[in-house]
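Novice: Below is the file start.txt, which contains compact mmCIF, C-alpha atoms.
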# COMPACT_ATOMS: atom_id res chain seq x y z
CA MET A 1 -19.77 54.48 -17.12
CA ALA A 2 -19.87 57.42 -19.55
CA ARG A 3 -20.83 60.77 -18.10
CA ALA A 4 -21.34 64.18 -19.63
CA VAL A 5 -18.47 66.63 -19.62
CA VAL A 6 -19.26 69.44 -17.20
CA THR A 7 -15.70 70.73 -16.85
CA VAL A 8 -15.07 74.41 -17.50
CA ILE A 9 -11.66 76.04 -18.01
CA GLU A 10 -11.66 79.80 -17.45
CA GLN A 11 -9.25 80.90 -20.14
CA ASP A 12 -8.36 84.22 -18.51
CA LYS A 13 -7.15 82.36 -15.40
CA CYS A 14 -5.38 79.47 -17.14
CA ILE A 15 -1.57 79.82 -17.15
CA GLY A 16 -0.98 76.82 -19.37
CA CYS A 17 0.90 74.74 -16.79
CA GLY A 18 -0.70 71.55 -18.12
CA GLN A 19 -1.17 69.94 -14.71
CA CYS A 20 -4.89 69.40 -15.27
CA VAL A 21 -4.17 67.61 -18.54
CA ARG A 22 -1.62 65.37 -16.84
CA VAL A 23 -3.90 64.20 -14.01
CA CYS A 24 -7.15 63.83 -16.00
CA PRO A 25 -8.01 60.08 -16.08
CA SER A 26 -10.48 60.45 -18.98
CA ARG A 27 -8.33 62.59 -21.28
CA THR A 28 -11.05 65.19 -21.23
CA LEU A 29 -8.57 68.07 -21.44
CA VAL A 30 -5.82 69.04 -23.86
CA LEU A 31 -3.22 71.79 -23.91
CA GLU A 32 -3.32 73.94 -27.04
CA HIS A 33 -1.72 77.28 -27.78
CA GLY A 34 -0.56 77.57 -24.18
CA LYS A 35 -4.00 77.04 -22.64
CA ALA A 36 -5.95 74.06 -21.36
CA ARG A 37 -9.30 73.39 -22.96
CA VAL A 38 -12.04 70.75 -22.95
CA ALA A 39 -11.67 68.42 -25.93
CA GLY A 40 -13.01 65.02 -24.81
CA ASP A 41 -16.61 63.86 -24.85
CA ARG A 42 -16.58 61.93 -21.58
CA SER A 43 -15.51 62.63 -18.01
CA LEU A 44 -15.39 60.92 -14.63
CA GLN A 45 -16.32 64.27 -13.05
CA CYS A 46 -13.68 63.43 -10.46
CA GLY A 47 -12.46 66.98 -9.87
CA HIS A 48 -8.76 66.13 -10.29
CA CYS A 49 -8.37 69.14 -12.57
CA GLN A 50 -10.11 71.42 -10.10
CA ALA A 51 -7.96 70.16 -7.24
CA VAL A 52 -4.64 70.48 -9.07
CA CYS A 53 -5.12 73.84 -10.78
CA PRO A 54 -2.91 76.47 -9.10
CA THR A 55 -5.03 79.43 -10.25
CA GLY A 56 -8.55 78.02 -9.88
CA ALA A 57 -9.17 78.09 -13.62
CA ALA A 58 -10.60 74.55 -13.74
CA ARG A 59 -14.05 73.89 -12.41
CA VAL A 60 -16.34 70.84 -12.50
CA ALA A 61 -20.04 71.62 -12.21
CA GLY A 62 -21.94 69.74 -9.52
CA LEU A 63 -19.07 69.32 -7.07
CA GLU A 64 -20.33 70.87 -3.83
CA ASP A 65 -17.77 72.67 -1.68
CA ASP A 66 -20.10 72.85 1.33
CA LEU A 67 -19.94 69.06 1.71
CA GLY A 68 -16.49 69.67 3.21
CA GLU A 69 -17.96 71.84 5.98
CA PHE A 70 -18.94 70.22 9.27
CA ALA A 71 -21.12 71.15 12.23
CA SER A 72 -19.14 69.17 14.82
CA PHE A 73 -15.70 70.57 14.07
CA VAL A 74 -13.81 72.95 11.80
CA ALA A 75 -12.22 71.01 8.97
CA ASP A 76 -8.77 71.81 7.66
CA ARG A 77 -9.50 72.15 3.94
CA ARG A 78 -5.88 72.15 2.85
CA TRP A 79 -4.69 69.21 0.78
CA LEU A 80 -2.48 66.84 2.75
CA ALA A 81 0.35 65.52 0.58
CA PRO A 82 1.36 61.82 0.78
CA GLY A 83 3.75 61.38 3.67
CA ASP A 84 2.67 64.57 5.46
CA GLY A 85 0.11 62.91 7.74
CA ASP A 86 0.74 61.35 11.13
CA PRO A 87 0.71 57.56 10.54
CA ALA A 88 1.04 56.80 14.26
CA GLN A 89 -2.13 58.70 15.11
CA LEU A 90 -3.95 57.30 12.10
CA MET A 91 -3.07 53.76 13.17
CA ARG A 92 -4.10 54.57 16.73
CA LEU A 93 -7.52 55.70 15.50
CA MET A 94 -8.01 52.64 13.33
CA ALA A 95 -6.86 50.21 16.03
CA SER A 96 -8.95 51.88 18.75
CA ARG A 97 -12.24 51.75 16.84
CA ARG A 98 -14.33 48.83 18.02
CA SER A 99 -17.81 47.56 17.23
CA CYS A 100 -20.04 49.02 19.93
CA ARG A 101 -22.89 46.98 21.39
CA ASN A 102 -23.65 49.04 24.51
CA TYR A 103 -25.17 52.48 24.07
CA GLN A 104 -26.30 55.30 26.30
CA ASP A 105 -29.94 56.36 26.23
CA ARG A 106 -29.04 59.62 24.51
CA PRO A 107 -29.97 60.81 21.01
CA VAL A 108 -27.39 61.59 18.36
CA PRO A 109 -27.80 65.11 16.93
CA ARG A 110 -28.87 65.13 13.29
CA GLU A 111 -26.12 67.55 12.34
CA MET A 112 -23.58 65.06 13.71
CA ILE A 113 -25.11 62.29 11.60
CA MET A 114 -24.80 64.56 8.55
CA ASP A 115 -21.14 65.08 9.43
CA LEU A 116 -20.66 61.31 9.38
CA ILE A 117 -22.30 61.06 5.97
CA LYS A 118 -20.00 63.79 4.68
CA ALA A 119 -17.09 61.74 6.01
CA GLY A 120 -18.43 58.79 4.04
CA LEU A 121 -18.46 60.90 0.89
CA SER A 122 -14.68 61.26 1.13
CA ALA A 123 -14.27 57.56 0.30
CA PRO A 124 -13.26 56.45 -3.20
CA SER A 125 -15.82 54.93 -5.54
CA GLY A 126 -15.40 52.85 -8.67
CA THR A 127 -15.11 55.08 -11.77
CA ASN A 128 -16.11 57.90 -9.41
CA CYS A 129 -19.76 56.84 -9.63
CA GLN A 130 -20.65 58.16 -6.15
CA ALA A 131 -23.99 56.38 -6.53
CA TRP A 132 -24.24 55.63 -2.82
CA THR A 133 -27.31 56.52 -0.78
CA PHE A 134 -27.66 57.12 2.95
CA THR A 135 -30.96 56.48 4.71
CA VAL A 136 -30.99 57.75 8.30
CA LEU A 137 -33.02 56.38 11.19
CA PRO A 138 -32.51 59.31 13.58
CA SER A 139 -34.40 58.05 16.63
CA ARG A 140 -34.68 54.97 18.79
CA GLU A 141 -38.31 54.62 17.72
CA ALA A 142 -37.34 54.51 14.04
CA VAL A 143 -34.57 51.99 14.76
CA LEU A 144 -36.97 49.78 16.73
CA ALA A 145 -39.55 49.86 13.94
CA LEU A 146 -37.01 48.41 11.51
CA ALA A 147 -35.72 45.97 14.13
CA ARG A 148 -39.24 44.58 14.64
CA GLY A 149 -39.62 44.01 10.91
CA VAL A 150 -36.25 42.26 10.77
CA GLY A 151 -37.18 40.18 13.82
CA ASP A 152 -40.40 39.07 12.11
CA PHE A 153 -38.42 38.08 9.02
CA PHE A 154 -36.04 35.88 11.02
CA ALA A 155 -38.90 34.36 13.00
CA ARG A 156 -40.44 33.24 9.70
CA LEU A 157 -37.06 32.04 8.45
CA ASN A 158 -36.57 29.97 11.60
CA ARG A 159 -39.93 28.32 11.09
CA LEU A 160 -38.90 27.35 7.56
CA ALA A 161 -35.49 26.16 8.74
CA SER A 162 -37.11 23.90 11.34
CA ARG A 163 -38.55 21.74 8.54
CA ALA A 164 -35.88 19.13 7.91
CA TRP A 165 -37.54 17.83 4.75
CA LEU A 166 -37.48 21.31 3.22
CA ARG A 167 -33.83 21.93 4.12
CA ARG A 168 -32.74 18.57 2.73
CA GLY A 169 -34.85 18.91 -0.40
CA LEU A 170 -33.38 22.30 -1.21
CA ALA A 171 -29.87 21.03 -0.50
CA PHE A 172 -30.49 18.10 -2.87
CA LEU A 173 -31.32 20.66 -5.56
CA GLY A 174 -28.04 22.46 -4.92
CA ARG A 175 -29.50 25.20 -2.73
CA ASP A 176 -28.06 24.61 0.71
CA GLU A 177 -28.53 28.14 2.10
CA LEU A 178 -31.36 27.10 4.42
CA GLU A 179 -29.41 24.10 5.68
CA ARG A 180 -26.36 26.28 6.44
CA TYR A 181 -28.52 28.89 8.13
CA HIS A 182 -30.13 26.21 10.30
CA ARG A 183 -26.75 24.81 11.26
CA GLU A 184 -24.94 28.10 11.90
CA HIS A 185 -27.51 30.69 12.94
CA SER A 186 -31.02 29.48 13.71
CA ARG A 187 -30.33 28.59 17.35
CA SER A 188 -28.69 31.91 18.27
CA VAL A 189 -31.39 33.81 16.38
CA SER A 190 -34.10 31.92 18.24
CA GLU A 191 -32.44 32.69 21.57
CA ALA A 192 -32.17 36.39 20.68
CA LEU A 193 -35.82 36.59 19.64
CA THR A 194 -36.92 34.82 22.83
CA GLU A 195 -34.83 37.19 24.97
CA TRP A 196 -36.28 40.21 23.16
CA GLU A 197 -39.82 38.97 23.78
CA ALA A 198 -39.14 38.19 27.44
CA SER A 199 -36.98 41.12 28.55
CA GLY A 200 -37.23 43.76 25.84
CA ARG A 201 -33.52 43.58 25.07
CA GLU A 202 -33.00 43.54 21.31
CA ARG A 203 -29.71 42.23 19.97
CA LEU A 204 -29.81 43.56 16.42
CA PHE A 205 -29.02 47.22 17.10
CA HIS A 206 -28.20 46.62 20.79
CA GLY A 207 -30.15 49.65 21.95
CA ALA A 208 -28.58 52.10 19.49
CA PRO A 209 -30.57 55.35 19.24
CA ALA A 210 -29.83 55.88 15.52
CA ALA A 211 -28.73 54.05 12.40
CA ILE A 212 -27.45 54.77 8.90
CA ILE A 213 -28.39 52.48 6.01
CA VAL A 214 -25.84 52.65 3.20
CA GLY A 215 -26.98 51.62 -0.25
CA SER A 216 -26.46 52.33 -3.91
CA LYS A 217 -28.50 53.50 -6.84
CA PRO A 218 -28.46 51.34 -9.99
CA GLY A 219 -25.64 51.79 -12.48
CA ALA A 220 -22.57 51.90 -10.25
CA SER A 221 -19.60 49.88 -11.47
CA CYS A 222 -18.87 48.29 -8.07
CA PRO A 223 -21.67 49.35 -5.70
CA ALA A 224 -20.94 46.95 -2.84
CA GLU A 225 -17.32 48.04 -2.59
CA ASP A 226 -18.31 51.71 -2.80
CA ALA A 227 -20.86 51.38 0.00
CA LEU A 228 -18.50 49.47 2.28
CA LEU A 229 -15.65 51.92 1.73
CA ALA A 230 -17.97 54.79 2.64
CA SER A 231 -19.13 52.81 5.68
CA GLY A 232 -15.53 52.33 6.79
CA HIS A 233 -14.98 56.08 6.70
CA ILE A 234 -18.16 56.59 8.70
CA LEU A 235 -17.05 54.12 11.36
CA LEU A 236 -13.70 55.87 11.81
CA ALA A 237 -15.28 59.32 11.85
CA ALA A 238 -17.82 58.18 14.44
CA HIS A 239 -15.05 57.07 16.78
CA ALA A 240 -13.19 60.35 16.27
CA LEU A 241 -16.36 62.27 17.19
CA GLY A 242 -16.93 60.27 20.37
CA LEU A 243 -19.63 57.97 19.01
CA GLY A 244 -19.88 54.20 18.95
CA ALA A 245 -20.93 52.30 15.84
CA CYS A 246 -21.40 48.74 14.63
CA LEU A 247 -22.12 47.12 11.28
CA VAL A 248 -25.27 44.96 11.51
CA GLY A 249 -25.07 42.21 8.91
CA PHE A 250 -28.30 40.43 9.89
CA VAL A 251 -30.29 43.54 9.00
CA VAL A 252 -28.61 43.80 5.59
CA GLU A 253 -29.49 40.19 4.81
CA ALA A 254 -33.09 40.63 5.89
CA MET A 255 -33.52 43.81 3.83
CA ARG A 256 -32.12 42.07 0.75
CA ARG A 257 -34.48 39.13 1.06
CA GLU A 258 -37.57 41.03 2.21
CA PRO A 259 -38.16 44.05 -0.10
CA GLY A 260 -40.93 45.34 2.15
CA LEU A 261 -38.36 46.22 4.82
CA ALA A 262 -36.55 48.63 2.51
CA LYS A 263 -39.84 50.14 1.39
CA ARG A 264 -40.82 50.59 5.04
CA VAL A 265 -37.89 52.99 5.59
CA GLY A 266 -38.39 54.88 2.35
CA ILE A 267 -35.82 53.16 0.16
CA PRO A 268 -37.19 53.00 -3.41
CA ALA A 269 -37.18 49.95 -5.63
CA GLY A 270 -33.93 49.64 -7.55
CA GLU A 271 -31.68 50.68 -4.70
CA THR A 272 -29.70 47.95 -2.96
CA VAL A 273 -28.68 47.99 0.70
CA TYR A 274 -25.07 46.99 1.40
CA ALA A 275 -24.44 48.12 4.98
CA VAL A 276 -26.40 49.04 8.10
CA ILE A 277 -24.59 50.97 10.82
CA ALA A 278 -25.92 51.13 14.39
CA LEU A 279 -24.95 54.45 15.92
CA GLY A 280 -24.96 56.07 19.35
CA TRP A 281 -23.01 57.31 22.35
CA PRO A 282 -20.98 54.36 23.68
CA ASP A 283 -21.58 52.99 27.14
CA GLU A 284 -18.32 51.03 27.19
CA THR A 285 -14.64 51.88 27.63
CA TYR A 286 -11.59 49.82 26.69
CA ALA A 287 -8.14 49.75 28.24
CA ARG A 288 -6.18 49.08 25.04
CA PRO A 289 -6.51 48.05 21.40
CA ALA A 290 -6.88 44.32 20.75
CA GLY A 291 -4.67 42.25 18.48
CA ARG A 292 -5.64 40.65 15.20
CA ARG A 293 -5.29 37.17 13.76
CA ARG A 294 -2.20 36.73 11.63
CA PRO A 295 -3.26 37.07 7.99
CA THR A 296 -2.37 35.16 4.88
CA VAL A 297 0.01 37.36 2.88
CA ARG A 298 1.42 36.60 -0.58
CA PHE A 299 4.07 38.40 -2.61
CA VAL A 300 3.87 37.26 -6.22
CA GLU A 301 6.82 37.95 -8.49
CA ALA A 302 6.39 38.37 -12.22
So, in terms of structure tokens, how does the structure I just supplied come out?
Specialist:
Amino acid sequence: MARAVVTVIEQDKCIGCGQCVRVCPSRTLVLEHGKARVAGDRSLQCGHCQAVCPTGAARVAGLEDDLGEFASFVADRRWLAPGDGDPAQLMRLMASRRSCRNYQDRPVPREMIMDLIKAGLSAPSGTNCQAWTFTVLPSREAVLALARGVGDFFARLNRLASRAWLRRGLAFLGRDELERYHREHSRSVSEALTEWEASGRERLFHGAPAAIIVGSKPGASCPAEDALLASGHILLAAHALGLGACLVGFVVEAMRREPGLAKRVGIPAGETVYAVIALGWPDETYARPAGRRRPTVRFVEA
């Protein structure tokens, strides 16, 4: 993904150390006559040069420093070298985070939601596209409005899935999605919709008072991966800030298949939703981290 070169090297500050040239992934910079200068015609706009320069001579236009400032806490803006962090505490944070499905009836401050989005921006993105988008539902009313639309979608889908002739006909044509949905999900979805109608308890967002919808603009090299990496950072940051969060896959699927749902929350055509995060103050406490299933691991020699 070619992007314009917006890198500037202030010649009076440059000491000719060459570090910016060494770390530039696009070969945008060269070292000539003891000074760095812009020579390439493309750039990832990654800011490596800006981050490595000891004198502040390198600058990339459009990189916002205030996105590293937070309302909920004071960030340590110093670069942390590999090996200088606390792996035990990092692992404790990652292992302690759990998907929350019980929330207090308490709003999440908007400035705290913005802090979570800023945490998401610290994630890597393919070719540094940073094409992700974040659509915030800041109130329980807004969350419920989307939940009702998603509920209507699944009610219609269940009606379709109840027609055996349609499921089997589609499967015969090589499209077995409806058959698999009927087998794996339609019963639990029907039970959840019935419970919601009878008692008012919705099991999509589980009573969460806010939500963040993570998507991507067109043109990113790997938009799904970018959005999910940003979502992972948001989930960890939410736990660190005392919040509970949960990815809601059913909502993502409904928004993909029913374009009107995305339009309803202000997402323009062309953007794709990859993650929906329920968010709120947790009304649950755990005694210890849980284990994990043993994975499949392969070491492949050359």
Novice: Can you check which parts of region 196-259 of chain A lie within 8 Å of region 264-286 of chain A? Per residue, the shortest pair of atoms and distance in Å to one decimal, counting all atoms listed in the file, sorted by chain and number, as a Markdown table.
Specialist:
| residue | atom | partner | partner_atom | distance |
| --- | --- | --- | --- | --- |
| A:Phe205 | CA | A:Ala278 | CA | 5.7 |
| A:Ala208 | CA | A:Gly280 | CA | 5.4 |
| A:Pro209 | CA | A:Gly280 | CA | 5.7 |
| A:Ala210 | CA | A:Leu279 | CA | 5.1 |
| A:Ala211 | CA | A:Ala278 | CA | 4.5 |
| A:Ile212 | CA | A:Ile277 | CA | 5.1 |
| A:Ile213 | CA | A:Val276 | CA | 4.5 |
| A:Val214 | CA | A:Ala275 | CA | 5.1 |
| A:Gly215 | CA | A:Val273 | CA | 4.1 |
| A:Ser216 | CA | A:Thr272 | CA | 5.5 |
| A:Lys217 | CA | A:Glu271 | CA | 4.8 |
| A:Pro218 | CA | A:Gly270 | CA | 6.2 |
| A:Ala224 | CA | A:Tyr274 | CA | 5.9 |
| A:Ala227 | CA | A:Tyr274 | CA | 6.2 |
| A:Leu228 | CA | A:Ala275 | CA | 6.7 |
| A:Ser231 | CA | A:Ala275 | CA | 7.1 |
| A:Gly242 | CA | A:Trp281 | CA | 7.0 |
| A:Leu243 | CA | A:Trp281 | CA | 4.8 |
| A:Gly244 | CA | A:Pro282 | CA | 4.9 |
| A:Ala245 | CA | A:Leu279 | CA | 4.6 |
| A:Cys246 | CA | A:Ala278 | CA | 5.1 |
| A:Leu247 | CA | A:Ile277 | CA | 4.6 |
| A:Val248 | CA | A:Val276 | CA | 5.4 |
| A:Gly249 | CA | A:Val276 | CA | 7.0 |
| A:Val251 | CA | A:Val276 | CA | 6.8 |
| A:Val252 | CA | A:Ala275 | CA | 6.0 |
| A:Met255 | CA | A:Val273 | CA | 7.1 |
| A:Arg256 | CA | A:Val273 | CA | 6.8 |
Novice: For the selection you just gave me, I'd like the residues written to a file as a compact mmCIF listing (two decimals), in the frame of the given file, keeping C-alpha atoms.
Specialist:
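Okay, this is what ended up in selection-v9.txt:
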# COMPACT_ATOMS: atom_id res chain seq x y z
CA PHE A 205 -29.02 47.22 17.10
CA ALA A 208 -28.58 52.10 19.49
CA PRO A 209 -30.57 55.35 19.24
CA ALA A 210 -29.83 55.88 15.52
CA ALA A 211 -28.73 54.05 12.40
CA ILE A 212 -27.45 54.77 8.90
CA ILE A 213 -28.39 52.48 6.01
CA VAL A 214 -25.84 52.65 3.20
CA GLY A 215 -26.98 51.62 -0.25
CA SER A 216 -26.46 52.33 -3.91
CA LYS A 217 -28.50 53.50 -6.84
CA PRO A 218 -28.46 51.34 -9.99
CA ALA A 224 -20.94 46.95 -2.84
CA ALA A 227 -20.86 51.38 0.00
CA LEU A 228 -18.50 49.47 2.28
CA SER A 231 -19.13 52.81 5.68
CA GLY A 242 -16.93 60.27 20.37
CA LEU A 243 -19.63 57.97 19.01
CA GLY A 244 -19.88 54.20 18.95
CA ALA A 245 -20.93 52.30 15.84
CA CYS A 246 -21.40 48.74 14.63
CA LEU A 247 -22.12 47.12 11.28
CA VAL A 248 -25.27 44.96 11.51
CA GLY A 249 -25.07 42.21 8.91
CA VAL A 251 -30.29 43.54 9.00
CA VAL A 252 -28.61 43.80 5.59
CA MET A 255 -33.52 43.81 3.83
CA ARG A 256 -32.12 42.07 0.75
Novice: Smallest atom-to-atom distance to Gln45 (chain A): which of A:Leu31, A:Ala119, A:Arg98, A:Gln130, using all atoms listed in the file?
Specialist: A:Gln130
Novice: A:Gly174, A:Pro109, A:Gly34, A:Pro223: which is nearest Val136 (chain A), counting all atoms listed in the file?
Specialist: A:Pro109
Novice: Between A:Ile117, A:Thr28, A:Gly207, A:Ser190, which residue has the minimum interatomic distance to Glu141 (chain A), considering only C-alpha atoms?
Specialist: A:Gly207
Novice: Measuring between only C-alpha atoms, which one of A:Leu170, A:Cys129, A:Ile234, A:Ala145 shows the shortest distance to Ser221 (chain A)?
Specialist: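 Under the stated criterion, the closest residue is A:Cys129.
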Novice: In Å, rounded to a single decimal, give me how far CA of Arg3 (chain A) is from CA of Ser43 (chain A).
Specialist: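 Computing the Euclidean distance for CA of Ser43 (chain A) and CA of Arg3 (chain A) yields 5.6 Å.
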Novice: Could you name the residues that touch Arg110 (chain A) at 10 Å or less, counting only C-alpha atoms, but leaving out those on the same chain fewer than 5 positions away, as a list in words?
Specialist: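 Here the qualifying residues turn out to be Ala71, Asp115, Leu116, Val136, Leu137, Pro138, Ser139 and Ala210 of chain A.
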Novice: Find the residues with any atom within 9 Å of (-30.9, 53.7, 26.3); use all atoms listed in the file and the coordinates as given in the file, and write the answer as an MDAnalysis selection string.
Specialist: chainID A and resid 102:107 140 207:209
Novice: Output C-alpha atoms for every residue in the selection just made, as a short mmCIF file (atom, residue, chain, number, x, y, z; two decimals), keeping the file's coordinate frame.
Specialist:
data_model
loop_
_atom_site.label_atom_id
_atom_site.label_comp_id
_atom_site.auth_asym_id
_atom_site.auth_seq_id
_atom_site.Cartn_x
_atom_site.Cartn_y
_atom_site.Cartn_z
CA ASN A 102 -23.65 49.04 24.51
CA TYR A 103 -25.17 52.48 24.07
CA GLN A 104 -26.30 55.30 26.30
CA ASP A 105 -29.94 56.36 26.23
CA ARG A 106 -29.04 59.62 24.51
CA PRO A 107 -29.97 60.81 21.01
CA ARG A 140 -34.68 54.97 18.79
CA GLY A 207 -30.15 49.65 21.95
CA ALA A 208 -28.58 52.10 19.49
CA PRO A 209 -30.57 55.35 19.24
#
